[in-house]
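Working notes, structure below.
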Amino acid sequence: QQVANRLVDMVSQPEKTIPTDQNLSVTPTQKKQKSAWFYHEFSDRPVGIVVSDFDQDGNNEMAVAFKHALLITRVVEGQLLKVAEVDVPARISILSLGAMDLNQNGNDELYLTAVDGTQLSSFSLEYNGSDYLVTNEQIRWYLKVSEGLTGEKVLVGQFQGLEQDAFAGRPFRVLERDGQLVKGPVLNLPGQLDLYSFMPSSEGTGTFYAHLTESESLQVIDDSGTYLWESGEYFGGSESCYKNRPEHEGDMVVSTCLGPRILKNGRGEILVVQNEAQRFLKQLRSYSPSRLVAFSWDGNAMQESWRTVSQKGYLADFAIGDADNDGMKEIVTLVKMRRSGFFEKDRTAIISYRLQ
């Protein structure tokens, strides 16, 4: 599959700020999109998006991961341009994407969870001054760039399970030593949490975790694992899936899906993906429509603050950053737009929203 060298369509709408709402639980607002950039002639599954100045030239880039491709893009005068494309072996499937400066050299590296068939084969890469080079490969861990209580970034890993549970052991901190990734201390997390789809927050002297359950509800638990609240509707939903072992006669392997990202913005709101689907058969789900929903914790329940306009498609990932280099942060969402016509292909869109 080839990625189009240019992005030939751009849709812009007038910017609209979101009014401050003091009673978030009563009248949540709807956040309008600022701009959208569309990938044409590319039907590969979108996986992840992150925003950073990877080459330290003073302008931010967006790294965009698909199942079999990784692109580095930049917005210049409102147009989204491809800066680089990283070669990914055909047998490798990307499952997640994150970015942070683990080696503390001033540049964010990219960390990707990936599989080779049924075996984890994660890798990392970094800009070296002229190109994006792989720095670690064939890592047999899941990798996730997570945020701590104060917003600091931490690289977290977890071993692959080879039985019914595709996650083994407890999540642990990943450290960098002499250019190599090494296993660090196990994280002190409630037992219900796996590596993905949780966000820690603090309330008074205690800590609570918003996380997406395996049954795709939004749940809040405290640091002892005690249940505090659960949504009455579905949230999350992921098409980033794989099978953790070969299938044999009498052993039907259910796909493991890596849950979508949860983030916290500067106002302390927790941002959660909501992909709609008929949730009878997990293996056959096709998500659409989708949106991003923001919540605030009032001490007893999650109260909705705002949501983005619904899109006809699957919301794969989102990020917060100055994506278009206008000096202001945006929320950017990575959406696989569903097409209604039989001969029309799905296409991928990056849709930005003003962050206030």
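Each chain of the structure tokens is named A, B, ... in the order shown, its residues numbered from 1; ligands are numbered from 1 in display order.
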
### Message
Residues of range 65-167 of chain A classed as strand (DSSP E or B) by DSSP on the backbone are to be reported as a PyMOL selection string.
### Response
chain A and resi 65-66+69-76+79-86+92-100+109-116+119-120+122-127+132-139+141-147+153-160+167

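Excluding Arg170 in chain A itself and any same-chain residue fewer than 6 positions from it, the protein and nucleic acid residues within 12 Å of it, counting only C-alpha atoms, are Trp141, Tyr142, Val156, Gly157, Gln158, Phe159, Gln160, Gly161, Lys183, Gly184, Pro185, Val186, Leu187, Asn188, Leu189, Pro190, Gly191, Gln192, Leu193, Asp194 and Leu195 of chain A.
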
### Message
Ranking A:Leu212, A:Ala114, A:Ile270, A:Leu133 by minimum distance to Ser240 in chain A and counting only C-alpha atoms, which one comes first?
### Response
A:Ala114

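If you look at CA of Asp223 in chain A and CA of Phe208 in chain A, they are 5.7 Å away from each other.
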
### Message
I'd like the neighbourhood of range 292-296 of chain A as a list in words, where a residue qualifies if any of its atoms comes within 7 Å (using only C-alpha atoms), though same-chain residues fewer than 5 positions away should be ignored.
### Response
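Those residues are Glu269, Ile270, Leu271, Val272, Val273, Gln274, Met302, Gln303, Glu304, Ser305, Trp306, Arg307 and Thr308 of chain A.
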
Write out the residues from the selection above, keeping C-alpha atoms, as a PDB file, in the first residue's frame.
```
ATOM      1  CA  GLU A 269     -10.872  17.389  32.558  1.00  0.00           C
ATOM      2  CA  ILE A 270     -10.544  13.737  31.575  1.00  0.00           C
ATOM      3  CA  LEU A 271     -10.905  13.119  27.829  1.00  0.00           C
ATOM      4  CA  VAL A 272     -12.383   9.796  26.711  1.00  0.00           C
ATOM      5  CA  VAL A 273     -13.075   8.296  23.280  1.00  0.00           C
ATOM      6  CA  GLN A 274     -16.617   7.146  22.558  1.00  0.00           C
ATOM      7  CA  MET A 302     -18.170  11.907  36.427  1.00  0.00           C
ATOM      8  CA  GLN A 303     -20.015  14.924  34.993  1.00  0.00           C
ATOM      9  CA  GLU A 304     -19.811  15.637  31.272  1.00  0.00           C
ATOM     10  CA  SER A 305     -18.201  18.999  30.446  1.00  0.00           C
ATOM     11  CA  TRP A 306     -18.294  18.977  26.648  1.00  0.00           C
ATOM     12  CA  ARG A 307     -18.061  16.736  23.618  1.00  0.00           C
ATOM     13  CA  THR A 308     -16.884  17.080  20.039  1.00  0.00           C
TER      14      THR A 308
END
```

### Message
List as number ranges by chain the protein and nucleic acid residues near Leu149 in chain A, meaning an atom at most 10 Å away when only C-alpha atoms are counted, but skip any in the same chain fewer than 6 places from it.
### Response
A: 199-202, 207-208, 264

### Task
Quick one: pull the distance between CA of Gln119 in chain A and CA of Leu181 in chain A, Å, one decimal.
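Here the two named atoms are 18.2 Å from each other.
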
### Query
What's the 9 Å shell around Val51 in chain A, counting only C-alpha atoms, without same-chain residues fewer than 5 positions away, as an MDAnalysis selection string?
chainID A and resid 60:63 99 319:323 332

### Task
Kindly indicate which residue among A:Leu263, A:Met252, A:Ile49, A:Ile351 lies nearest to Arg291 in chain A, using only C-alpha atoms for the distances.
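Among the listed residues, A:Ile351 lies closest to Arg291 in chain A.
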
### Message
Can you measure CA of Leu71 in chain A to CA of Leu175 in chain A for me? One decimal in Å is fine.
### Response
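CA of Leu175 in chain A lies 25.8 Å from CA of Leu71 in chain A.
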
### Query
Using only C-alpha atoms, which of the listed residues (A:Tyr132, A:Phe54, A:Tyr314, A:Phe235) sits closest to Asp108 in chain A?
A:Phe54

### Message
Here is a test: counting only C-alpha atoms, which residue of A:Ile331, A:Gln56, A:Leu112, A:Asp165 is nearest to Gly129 in chain A?
### Response
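Closest candidate: A:Gln56.
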
### Task
For His68 in chain A, please output as a count of residues only all residues within 9 Å (counting only C-alpha atoms; exclusion window: fewer than 4 positions along the same chain).
11

Could you make a table, as a tab-separated table, of the residues of range 183-277 of chain A that have an atom within 12 Å of an atom of range 120-126 of chain A, each with its nearest atom pair and distance in Å to one decimal, counting only C-alpha atoms, in chain and number order?
```
residue	atom	partner	partner_atom	distance
A:Tyr242	CA	A:Leu120	CA	9.9
A:Lys243	CA	A:Leu120	CA	10.3
A:Asn244	CA	A:Leu120	CA	8.3
A:Arg245	CA	A:Leu120	CA	10.5
```

### Query
Pick the closest to Val86 in chain A from A:Gly204, A:Met100, A:Met328, A:Leu70: which is it, counting only C-alpha atoms?
A:Leu70

Excluding same-chain residues fewer than 3 positions from Trp229 in chain A, what lies within 12 Å of it counting only C-alpha atoms, as an mmCIF file with N, CA and C atoms, in the first residue's frame?
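The resulting selection00.cif:
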```cif
data_model
loop_
_atom_site.group_PDB
_atom_site.id
_atom_site.type_symbol
_atom_site.label_atom_id
_atom_site.label_comp_id
_atom_site.auth_asym_id
_atom_site.auth_seq_id
_atom_site.Cartn_x
_atom_site.Cartn_y
_atom_site.Cartn_z
ATOM 1 N N PHE A 208 -7.486 8.656 42.531
ATOM 2 C CA PHE A 208 -8.464 7.813 41.879
ATOM 3 C C PHE A 208 -8.061 7.626 40.423
ATOM 4 N N TYR A 209 -8.607 6.588 39.821
ATOM 5 C CA TYR A 209 -8.262 6.236 38.447
ATOM 6 C C TYR A 209 -9.529 6.161 37.606
ATOM 7 N N ALA A 210 -9.555 6.915 36.516
ATOM 8 C CA ALA A 210 -10.589 6.740 35.502
ATOM 9 C C ALA A 210 -10.044 5.740 34.496
ATOM 10 N N HIS A 211 -10.807 4.697 34.206
ATOM 11 C CA HIS A 211 -10.306 3.697 33.267
ATOM 12 C C HIS A 211 -11.463 3.093 32.485
ATOM 13 N N LEU A 212 -11.118 2.545 31.330
ATOM 14 C CA LEU A 212 -12.085 1.875 30.474
ATOM 15 C C LEU A 212 -12.031 0.385 30.763
ATOM 16 N N SER A 217 -17.077 0.205 29.447
ATOM 17 C CA SER A 217 -17.704 1.273 30.218
ATOM 18 C C SER A 217 -16.591 2.108 30.831
ATOM 19 N N LEU A 218 -16.922 3.330 31.211
ATOM 20 C CA LEU A 218 -15.987 4.199 31.918
ATOM 21 C C LEU A 218 -16.214 4.021 33.410
ATOM 22 N N GLN A 219 -15.151 3.705 34.126
ATOM 23 C CA GLN A 219 -15.265 3.397 35.550
ATOM 24 C C GLN A 219 -14.240 4.204 36.333
ATOM 25 N N VAL A 220 -14.591 4.525 37.563
ATOM 26 C CA VAL A 220 -13.671 5.213 38.475
ATOM 27 C C VAL A 220 -13.467 4.329 39.694
ATOM 28 N N ILE A 221 -12.193 4.102 40.049
ATOM 29 C CA ILE A 221 -11.840 3.336 41.237
ATOM 30 C C ILE A 221 -10.806 4.128 42.032
ATOM 31 N N ASP A 222 -10.668 3.811 43.321
ATOM 32 C CA ASP A 222 -9.629 4.480 44.103
ATOM 33 C C ASP A 222 -8.350 3.650 44.063
ATOM 34 N N GLY A 225 -8.466 -0.007 44.614
ATOM 35 C CA GLY A 225 -9.267 -0.795 43.692
ATOM 36 C C GLY A 225 -10.753 -0.777 44.001
ATOM 37 N N THR A 226 -11.156 0.012 45.000
ATOM 38 C CA THR A 226 -12.571 0.084 45.373
ATOM 39 C C THR A 226 -13.365 0.839 44.316
ATOM 40 N N GLY A 232 -23.266 4.699 32.580
ATOM 41 C CA GLY A 232 -24.416 3.927 32.141
ATOM 42 C C GLY A 232 -24.454 3.721 30.641
ATOM 43 N N TRP A 297 -14.669 15.235 37.552
ATOM 44 C CA TRP A 297 -15.055 14.433 38.709
ATOM 45 C C TRP A 297 -15.535 15.365 39.812
ATOM 46 N N ASP A 298 -16.775 15.162 40.300
ATOM 47 C CA ASP A 298 -17.326 16.046 41.325
ATOM 48 C C ASP A 298 -17.226 15.448 42.720
ATOM 49 N N GLY A 299 -16.491 14.362 42.853
ATOM 50 C CA GLY A 299 -16.350 13.693 44.140
ATOM 51 C C GLY A 299 -17.255 12.501 44.295
ATOM 52 N N ASN A 300 -18.297 12.443 43.472
ATOM 53 C CA ASN A 300 -19.234 11.322 43.530
ATOM 54 C C ASN A 300 -19.444 10.656 42.180
ATOM 55 N N ALA A 301 -19.349 11.438 41.101
ATOM 56 C CA ALA A 301 -19.617 10.910 39.766
ATOM 57 C C ALA A 301 -18.883 11.752 38.736
ATOM 58 N N MET A 302 -18.701 11.173 37.560
ATOM 59 C CA MET A 302 -18.170 11.907 36.427
ATOM 60 C C MET A 302 -19.295 12.730 35.801
ATOM 61 N N GLN A 303 -19.050 14.038 35.621
ATOM 62 C CA GLN A 303 -20.015 14.924 34.993
ATOM 63 C C GLN A 303 -19.468 15.380 33.645
#
```
